[in-house]
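Enquirer: model-v5.cif is reproduced below (mmCIF, C-alpha atoms).
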```
data_upload
loop_
_atom_site.label_atom_id
_atom_site.label_comp_id
_atom_site.auth_asym_id
_atom_site.auth_seq_id
_atom_site.Cartn_x
_atom_site.Cartn_y
_atom_site.Cartn_z
CA MET A 1 2.81 -4.10 11.21
CA THR A 2 0.44 -6.90 12.27
CA ILE A 3 -0.37 -10.10 10.34
CA ARG A 4 -3.92 -8.76 9.72
CA LYS A 5 -2.51 -5.71 7.90
CA TYR A 6 -0.20 -7.87 5.75
CA ILE A 7 -3.20 -10.06 4.84
CA ILE A 8 -5.18 -6.96 3.78
CA LEU A 9 -2.32 -5.74 1.54
CA VAL A 10 -2.00 -9.21 -0.02
CA ALA A 11 -5.80 -9.25 -0.53
CA VAL A 12 -5.59 -5.91 -2.43
CA MET A 13 -2.97 -7.38 -4.80
CA PHE A 14 -4.79 -10.71 -5.22
CA PHE A 15 -8.27 -9.22 -5.86
CA ALA A 16 -6.93 -6.56 -8.28
CA ALA A 17 -4.93 -9.00 -10.41
CA CYS A 18 -7.46 -11.86 -10.41
CA GLY A 19 -10.38 -9.44 -11.00
CA ASP A 20 -8.76 -7.90 -14.09
CA VAL A 21 -7.70 -11.29 -15.48
CA SER A 22 -11.25 -12.69 -14.97
CA LEU A 23 -12.76 -9.70 -16.79
CA ALA A 24 -10.23 -10.10 -19.64
CA ARG A 25 -11.05 -13.83 -19.87
CA GLY A 26 -14.80 -13.06 -19.99
CA MET A 27 -14.43 -10.31 -22.61
CA ARG A 28 -12.55 -12.72 -24.89
CA VAL A 29 -15.81 -14.65 -25.28
CA PHE A 30 -17.63 -11.44 -26.26
CA GLY A 31 -14.92 -10.26 -28.68
CA PRO A 32 -14.00 -6.66 -29.56
CA VAL A 33 -16.60 -4.02 -28.63
CA THR A 34 -17.73 -2.06 -31.72
CA LEU A 35 -20.71 0.21 -32.44
CA ALA A 36 -22.49 -2.81 -33.97
CA THR A 37 -21.97 -5.04 -30.90
CA LEU A 38 -22.57 -2.26 -28.35
CA PRO A 39 -26.31 -3.02 -27.78
CA HIS A 40 -25.39 -6.61 -26.82
CA LEU A 41 -22.77 -5.49 -24.28
CA LEU A 42 -25.11 -6.11 -21.32
CA THR A 43 -25.19 -9.83 -22.18
CA VAL A 44 -21.60 -10.07 -20.84
CA LEU A 45 -23.12 -9.84 -17.36
CA LEU A 46 -24.38 -13.41 -17.88
CA ASN A 47 -20.83 -14.66 -18.42
CA PRO A 48 -19.52 -16.43 -15.26
CA TRP A 49 -16.00 -14.99 -15.75
CA ILE A 50 -17.43 -11.44 -15.83
CA VAL A 51 -19.56 -12.13 -12.73
CA LEU A 52 -16.48 -13.53 -10.95
CA GLY A 53 -14.42 -10.52 -12.11
CA VAL A 54 -16.97 -8.03 -10.76
CA LEU A 55 -17.13 -9.87 -7.39
CA LEU A 56 -13.31 -9.92 -7.17
CA LEU A 57 -13.13 -6.17 -7.95
CA ILE A 58 -15.69 -5.47 -5.19
CA GLY A 59 -13.33 -7.42 -2.90
CA PHE A 60 -10.45 -5.29 -4.21
CA PHE A 61 -12.25 -2.02 -3.39
CA ALA A 62 -13.16 -3.18 0.13
CA SER A 63 -9.60 -4.31 0.91
CA TYR A 64 -8.11 -1.17 -0.72
CA LEU A 65 -10.25 1.09 1.52
CA SER A 66 -9.31 -1.04 4.51
CA ALA A 67 -5.59 -0.63 3.65
CA LEU A 68 -5.98 3.16 3.31
CA SER A 69 -7.58 3.23 6.77
CA PHE A 70 -4.29 2.21 8.48
CA ALA A 71 -1.55 3.05 5.94
CA ASP A 72 -0.48 6.09 3.91
CA LEU A 73 -1.51 6.43 0.25
CA THR A 74 2.19 6.70 -0.67
CA TYR A 75 2.74 3.31 1.03
CA VAL A 76 -0.39 1.48 -0.24
CA LEU A 77 -0.01 2.38 -3.94
CA PRO A 78 3.60 1.17 -4.44
CA ALA A 79 3.21 -1.78 -2.02
CA THR A 80 0.13 -3.12 -3.81
CA SER A 81 1.62 -2.59 -7.28
CA VAL A 82 2.77 -6.21 -6.93
CA SER A 83 -0.68 -6.88 -8.44
CA TYR A 84 0.72 -5.67 -11.81
CA ILE A 85 3.38 -8.37 -11.58
CA LEU A 86 0.79 -11.02 -10.70
CA MET A 87 -1.29 -9.78 -13.65
CA VAL A 88 1.64 -10.24 -16.08
CA VAL A 89 2.34 -13.75 -14.73
CA LEU A 90 -1.38 -14.72 -15.00
CA ALA A 91 -1.58 -13.18 -18.51
CA ARG A 92 1.45 -15.25 -19.56
CA PHE A 93 0.50 -18.60 -18.07
CA PHE A 94 -3.33 -18.47 -17.79
CA LEU A 95 -4.33 -16.35 -20.80
CA HIS A 96 -1.25 -17.46 -22.85
CA GLU A 97 -0.45 -13.88 -23.87
CA HIS A 98 2.93 -12.96 -25.30
CA VAL A 99 4.91 -10.97 -22.71
CA THR A 100 7.71 -8.88 -24.23
CA ILE A 101 11.14 -8.27 -22.68
CA TRP A 102 10.06 -4.65 -21.97
CA ARG A 103 7.19 -5.92 -19.79
CA TRP A 104 9.52 -8.21 -17.82
CA LEU A 105 11.81 -5.18 -17.36
CA GLY A 106 8.75 -3.27 -16.08
CA VAL A 107 8.14 -6.10 -13.59
CA LEU A 108 11.77 -5.80 -12.41
CA LEU A 109 11.40 -2.04 -11.85
CA ILE A 110 8.17 -2.54 -9.85
CA VAL A 111 9.82 -5.21 -7.66
CA THR A 112 12.67 -2.75 -6.96
CA GLY A 113 10.20 0.05 -6.14
CA VAL A 114 8.22 -2.19 -3.78
CA GLY A 115 11.48 -3.18 -2.08
CA PHE A 116 12.17 0.50 -1.29
CA VAL A 117 8.75 1.22 0.25
CA ALA A 118 8.31 -2.11 2.07
CA THR A 119 11.30 -1.48 4.34
CA GLY A 120 9.83 1.77 5.72
CA PRO A 121 6.97 2.53 8.14
CA GLU A 122 3.43 2.18 6.72
CA ALA A 123 1.94 5.36 8.22
CA THR A 124 2.90 8.93 9.06
CA PRO A 125 2.63 9.30 12.88
CA GLY A 126 -0.64 11.02 13.80
CA ALA A 127 -2.07 10.92 10.27
CA HIS A 128 -4.69 8.23 10.95
CA ARG A 129 -7.43 8.46 13.57
CA HIS A 130 -6.22 5.37 15.45
CA ASN A 131 -2.55 6.36 15.67
CA ARG A 132 -3.06 9.91 16.92
CA MET A 133 -1.72 10.76 20.40
CA GLU A 134 -4.75 10.84 22.69
CA PRO A 135 -4.76 13.67 25.29
CA GLN A 136 -4.22 12.37 28.83
CA TYR A 137 -7.51 11.62 30.60
CA GLU A 138 -7.87 14.23 33.35
CA PRO A 139 -9.06 11.99 36.29
CA VAL A 140 -6.01 9.73 35.71
CA ALA A 141 -3.70 12.72 36.14
CA GLU A 142 -5.60 13.76 39.32
CA LEU A 143 -5.42 10.21 40.73
CA ALA A 144 -1.65 10.15 40.12
CA GLU A 145 -1.32 13.38 42.11
CA VAL A 146 -3.36 11.94 45.05
CA VAL A 147 -1.26 8.76 45.10
CA GLU A 148 1.92 10.79 45.06
CA ALA A 149 0.68 13.02 47.94
CA GLY A 150 -0.28 9.86 49.94
CA ASN A 151 3.19 8.39 49.47
CA GLU A 152 4.82 11.58 50.71
CA ALA A 153 2.60 11.62 53.82
CA MET B 1 -6.68 14.77 -32.77
CA SER B 2 -4.00 17.36 -31.95
CA HIS B 3 -1.24 16.74 -29.41
CA PHE B 4 -2.62 19.52 -27.22
CA VAL B 5 -6.08 17.93 -27.00
CA LEU B 6 -4.62 14.46 -26.37
CA TRP B 7 -2.34 15.68 -23.56
CA SER B 8 -5.22 17.74 -22.10
CA GLY B 9 -7.19 14.48 -21.94
CA ILE B 10 -4.28 12.70 -20.23
CA ALA B 11 -3.93 15.61 -17.78
CA THR B 12 -7.66 15.38 -16.97
CA VAL B 13 -7.31 11.64 -16.25
CA VAL B 14 -4.29 12.22 -14.00
CA VAL B 15 -5.83 15.15 -12.08
CA THR B 16 -9.27 13.60 -11.52
CA SER B 17 -7.86 10.16 -10.56
CA THR B 18 -5.41 11.78 -8.14
CA ILE B 19 -8.14 13.93 -6.53
CA GLY B 20 -10.27 10.78 -6.17
CA ASP B 21 -7.42 8.82 -4.57
CA VAL B 22 -6.38 11.50 -2.08
CA LEU B 23 -9.97 12.28 -1.04
CA GLN B 24 -10.60 8.58 -0.38
CA SER B 25 -7.36 8.31 1.54
CA ARG B 26 -8.30 11.39 3.62
CA ALA B 27 -11.76 9.90 4.31
CA MET B 28 -10.24 6.61 5.47
CA LYS B 29 -7.75 8.46 7.70
CA GLU B 30 -10.68 10.28 9.35
CA ILE B 31 -12.76 7.13 9.84
CA GLY B 32 -9.81 5.20 11.28
CA ASP B 33 -8.67 1.58 11.05
CA LEU B 34 -11.68 -0.27 9.60
CA GLY B 35 -10.73 -3.44 11.49
CA LEU B 36 -10.98 -1.63 14.82
CA VAL B 37 -14.16 0.23 13.79
CA ARG B 38 -15.76 -3.12 12.83
CA ARG B 39 -14.80 -4.61 16.21
CA GLU B 40 -16.45 -1.67 18.00
CA HIS B 41 -19.49 -1.00 15.80
CA GLY B 42 -19.95 -4.06 13.54
CA LEU B 43 -19.95 -4.32 9.74
CA TRP B 44 -23.00 -2.06 9.32
CA GLY B 45 -21.28 0.53 11.47
CA VAL B 46 -18.32 0.49 9.05
CA ILE B 47 -20.56 0.76 5.96
CA ARG B 48 -22.57 3.59 7.55
CA ARG B 49 -19.45 5.57 8.48
CA VAL B 50 -17.86 5.14 5.03
CA ALA B 51 -21.06 5.95 3.11
CA ALA B 52 -21.79 9.00 5.30
CA ASN B 53 -18.34 10.52 4.74
CA GLY B 54 -18.61 13.42 2.27
CA ARG B 55 -14.97 13.18 1.13
CA PHE B 56 -15.45 9.49 0.32
CA THR B 57 -18.52 10.25 -1.85
CA ILE B 58 -16.82 13.15 -3.68
CA GLY B 59 -13.68 10.99 -4.12
CA LEU B 60 -15.78 8.22 -5.63
CA GLY B 61 -17.30 10.78 -8.04
CA PHE B 62 -13.83 11.96 -9.11
CA MET B 63 -12.70 8.35 -9.60
CA ALA B 64 -15.71 7.80 -11.88
CA ILE B 65 -14.89 11.00 -13.83
CA GLY B 66 -11.27 9.77 -14.11
CA PHE B 67 -12.43 6.41 -15.46
CA PHE B 68 -14.72 7.94 -18.11
CA SER B 69 -12.05 10.55 -19.03
CA LEU B 70 -9.67 7.66 -19.62
CA LEU B 71 -12.20 5.94 -21.90
CA ILE B 72 -12.72 9.17 -23.90
CA THR B 73 -8.98 9.92 -24.10
CA LEU B 74 -8.34 6.36 -25.28
CA SER B 75 -10.68 7.06 -28.21
CA TRP B 76 -8.57 10.14 -29.14
CA GLY B 77 -5.12 8.57 -29.19
CA ASP B 78 -3.08 5.38 -29.22
CA VAL B 79 -3.50 3.15 -26.20
CA SER B 80 0.31 2.79 -26.17
CA ILE B 81 0.60 6.51 -25.29
CA VAL B 82 -2.53 7.16 -23.23
CA GLY B 83 -2.31 4.03 -21.02
CA PRO B 84 1.31 4.25 -19.85
CA ALA B 85 1.41 8.07 -19.64
CA SER B 86 -1.72 8.37 -17.51
CA ALA B 87 -0.82 5.42 -15.22
CA ALA B 88 2.76 6.56 -14.61
CA LEU B 89 1.90 10.27 -14.17
CA THR B 90 -0.94 9.37 -11.75
CA PHE B 91 1.63 7.59 -9.53
CA ILE B 92 3.85 10.71 -9.39
CA ALA B 93 0.87 13.07 -8.94
CA ASN B 94 -0.40 10.91 -6.05
CA ALA B 95 2.97 11.18 -4.27
CA LEU B 96 2.93 14.98 -4.71
CA ALA B 97 -0.69 15.35 -3.57
CA ALA B 98 -0.11 13.04 -0.58
CA ARG B 99 2.84 15.22 0.47
CA LEU B 100 0.99 18.53 0.05
CA TYR B 101 -2.66 17.73 0.91
CA LEU B 102 -2.50 14.64 3.13
CA LYS B 103 0.73 15.85 4.84
CA GLU B 104 2.20 12.35 4.56
CA ARG B 105 5.88 11.94 5.31
CA VAL B 106 7.12 11.23 1.77
CA ASP B 107 10.82 10.57 2.36
CA HIS B 108 13.45 9.75 -0.28
CA ARG B 109 12.58 6.04 0.03
CA ARG B 110 8.92 6.64 -0.93
CA TRP B 111 9.88 9.02 -3.77
CA THR B 112 12.27 6.42 -5.16
CA ALA B 113 9.57 3.73 -4.87
CA ALA B 114 7.01 5.95 -6.66
CA LEU B 115 9.48 6.71 -9.49
CA PHE B 116 10.49 3.04 -9.91
CA VAL B 117 6.86 1.83 -9.88
CA ALA B 118 5.79 4.60 -12.31
CA ALA B 119 8.60 3.60 -14.70
CA GLY B 120 7.65 -0.08 -14.32
CA VAL B 121 3.97 0.58 -14.98
CA PHE B 122 4.95 2.68 -18.02
CA LEU B 123 6.88 -0.28 -19.47
CA LEU B 124 4.10 -2.77 -18.62
CA ALA B 125 1.42 -0.70 -20.32
CA ARG B 126 3.43 -0.09 -23.51
#
```
Can you present the structure in this file as structure tokens?
Expert:
Amino acid sequence: MTIRKYIILVAVMFFAACGDVSLARGMRVFGPVTLATLPHLLTVLLNPWIVLGVLLLIGFFASYLSALSFADLTYVLPATSVSYILMVVLARFFLHEHVTIWRWLGVLLIVTGVGFVATGPEATPGAHRHNRMEPQYEPVAELAEVVEAGNEA
Amino acid sequence: MSHFVLWSGIATVVVTSTIGDVLQSRAMKEIGDLGLVRREHGLWGVIRRVAANGRFTIGLGFMAIGFFSLLITLSWGDVSIVGPASAALTFIANALAARLYLKERVDHRRWTAALFVAAGVFLLAR
């Protein structure tokens, strides 16, 4: 796998985790959504954290699609689940949330799962348009025959 | 809300999200590596190809249905059941659908990864 592909996978994790944390930070200002506060929900779009969160999630979707264009779904989903770990770490140290022992155990299981998938190939051979075996170009085969005949003569 | 209705809601979330994911993956496989497509046809070429792909559009629709199904199901039951169950089951369903529909080579390593991540997500969302 090339450096560019690793950067795209890291971008998926980064944008997903930071986008969700930004939205959570912005929604704290608004408070719990109830039927009474529902008509004012659109005002959250003026909150800079919400704007940042939406921009980061657009970045997530673009990098996620880009990752799916060169890697299998069964590789991308576990590999980018590192974003859940990043989310827990950000929630603990940036949002000062209480993280239970069960959540840290969940982080450990995800790390183990990612370790399994990261050691394997990222794509099934022939599944993506750019890694399919192209049929041999006919004139090249003809040229090879002419060269071979010339050598024999 | 009865158990049957709640689990029907969770099943709807899992099925629609999985259909959305596999259709988008199939669309991206057809379009090819976006980095190479951008080099050949530019950014607008990439956007045009993605937007014009029918599977991508239908996949996006299913993802939206999955999102709103999740919101509705969350209003029927405890978030501590709906959240972890739908997230973990979607991981497993994606592995199954990728094996059957996308014909991906899901070997024991990928199955183990999917099971570990699903269990981890279940614990995180509790």
Enquirer: Pull out every residue of chain B that has at least one atom within 9 Å of chain A, counting all atoms listed in the file, and report them as a PyMOL selection string.
Expert: chain B and resi 21-22+24-36+91+94-95+98-99+102-106+109-126
Enquirer: What does the structure give for the distance between CA of Ser22 (chain A) and CA of Trp49 (chain A), in Å to one decimal?
Expert: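 Distance reported for this atom pair: 5.3 Å.
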Enquirer: Please evaluate the PyMOL selection byres ((chain A and resi 17) around 12) against the displayed coordinates and give the resulting residues as a count of residues only.
Expert: 31
Enquirer: Convert the output of the PyMOL selection byres ((chain B and resi 6-8) around 9) on the shown file into explicit residues, formatted as a ChimeraX atom specification.
Expert: /B:1-5,9-13,73-74,76-77,82
Enquirer: As AutoDock Vina command-line options, please: the centre and edge lengths in Å, to one decimal, of an axis-aligned box enclosing every listed atom of region 67-83 of chain A with 5 Å added on each side.
Expert:
```
--center_x -2.0 --center_y -0.1 --center_z 0.0 --size_x 21.2 --size_y 23.6 --size_z 26.9
```
Enquirer: Of the candidates B:Leu96, B:Thr57, B:Tyr101, B:Pro84, which shows the shortest atom-to-atom distance to Gly20 (chain B), using all atoms listed in the file?
Expert: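 Between B:Leu96, B:Thr57, B:Tyr101, B:Pro84, the residue approaching Gly20 (chain B) most closely is B:Thr57.
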Enquirer: Show me as a ChimeraX atom specification the residues that reach within 12 Å of (-14.3, 7.9, -16.0), counting all atoms listed in the file and using the file's own coordinates.
Expert: /B:9-10,12-17,20,60-74
Enquirer: Could you state the separation of CA of Gly42 (chain B) and CA of Met1 (chain A) in Å, given to one decimal place?
Expert: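 CA of Met1 (chain A) lies at a distance of 22.9 Å from CA of Gly42 (chain B).
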Enquirer: Just how far from CA of Asn47 (chain A) is CA of Phe30 (chain A), in Å to one decimal?
Expert: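 Between CA of Phe30 (chain A) and CA of Asn47 (chain A) the gap is 9.1 Å.
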Enquirer: Measuring between all atoms listed in the file, which one of B:Ala88, B:Val46, B:Ile19, B:Val37 shows the shortest distance to Gly59 (chain B)?
Expert: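 Of all the options, B:Ile19 lies closest to Gly59 (chain B).
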Enquirer: Would you mind putting back N, CA and C atoms on region 55-72 of chain A, then writing it out as a compact mmCIF listing (two decimals), keeping the file's coordinate frame?
Expert:
```txt
# COMPACT_ATOMS: atom_id res chain seq x y z
N LEU A 55 -17.18 -9.53 -8.83
CA LEU A 55 -17.13 -9.87 -7.39
C LEU A 55 -15.72 -9.66 -6.84
N LEU A 56 -14.70 -10.08 -7.62
CA LEU A 56 -13.31 -9.92 -7.17
C LEU A 56 -12.94 -8.44 -7.07
N LEU A 57 -13.46 -7.60 -8.00
CA LEU A 57 -13.13 -6.17 -7.95
C LEU A 57 -13.86 -5.47 -6.80
N ILE A 58 -15.03 -6.01 -6.40
CA ILE A 58 -15.69 -5.47 -5.19
C ILE A 58 -14.80 -5.79 -3.97
N GLY A 59 -14.26 -7.02 -3.97
CA GLY A 59 -13.33 -7.42 -2.90
C GLY A 59 -12.10 -6.54 -2.89
N PHE A 60 -11.62 -6.18 -4.10
CA PHE A 60 -10.45 -5.29 -4.21
C PHE A 60 -10.76 -3.94 -3.57
N PHE A 61 -11.92 -3.36 -3.89
CA PHE A 61 -12.25 -2.02 -3.39
C PHE A 61 -12.37 -2.03 -1.87
N ALA A 62 -13.00 -3.08 -1.33
CA ALA A 62 -13.16 -3.18 0.13
C ALA A 62 -11.80 -3.29 0.81
N SER A 63 -10.90 -4.14 0.27
CA SER A 63 -9.60 -4.31 0.91
C SER A 63 -8.71 -3.07 0.69
N TYR A 64 -8.88 -2.39 -0.44
CA TYR A 64 -8.11 -1.17 -0.72
C TYR A 64 -8.48 -0.07 0.29
N LEU A 65 -9.80 0.10 0.53
CA LEU A 65 -10.25 1.09 1.52
C LEU A 65 -9.75 0.73 2.91
N SER A 66 -9.78 -0.57 3.21
CA SER A 66 -9.31 -1.04 4.51
C SER A 66 -7.81 -0.72 4.67
N ALA A 67 -7.03 -0.92 3.60
CA ALA A 67 -5.59 -0.63 3.65
C ALA A 67 -5.35 0.87 3.85
N LEU A 68 -6.15 1.70 3.17
CA LEU A 68 -5.98 3.16 3.31
C LEU A 68 -6.35 3.63 4.71
N SER A 69 -7.15 2.81 5.44
CA SER A 69 -7.58 3.23 6.77
C SER A 69 -6.46 3.08 7.81
N PHE A 70 -5.39 2.33 7.51
CA PHE A 70 -4.29 2.21 8.48
C PHE A 70 -2.93 2.58 7.89
N ALA A 71 -2.85 2.73 6.55
CA ALA A 71 -1.55 3.05 5.94
C ALA A 71 -1.66 4.26 5.02
N ASP A 72 -0.51 4.92 4.80
CA ASP A 72 -0.48 6.09 3.91
C ASP A 72 -0.74 5.69 2.45
```
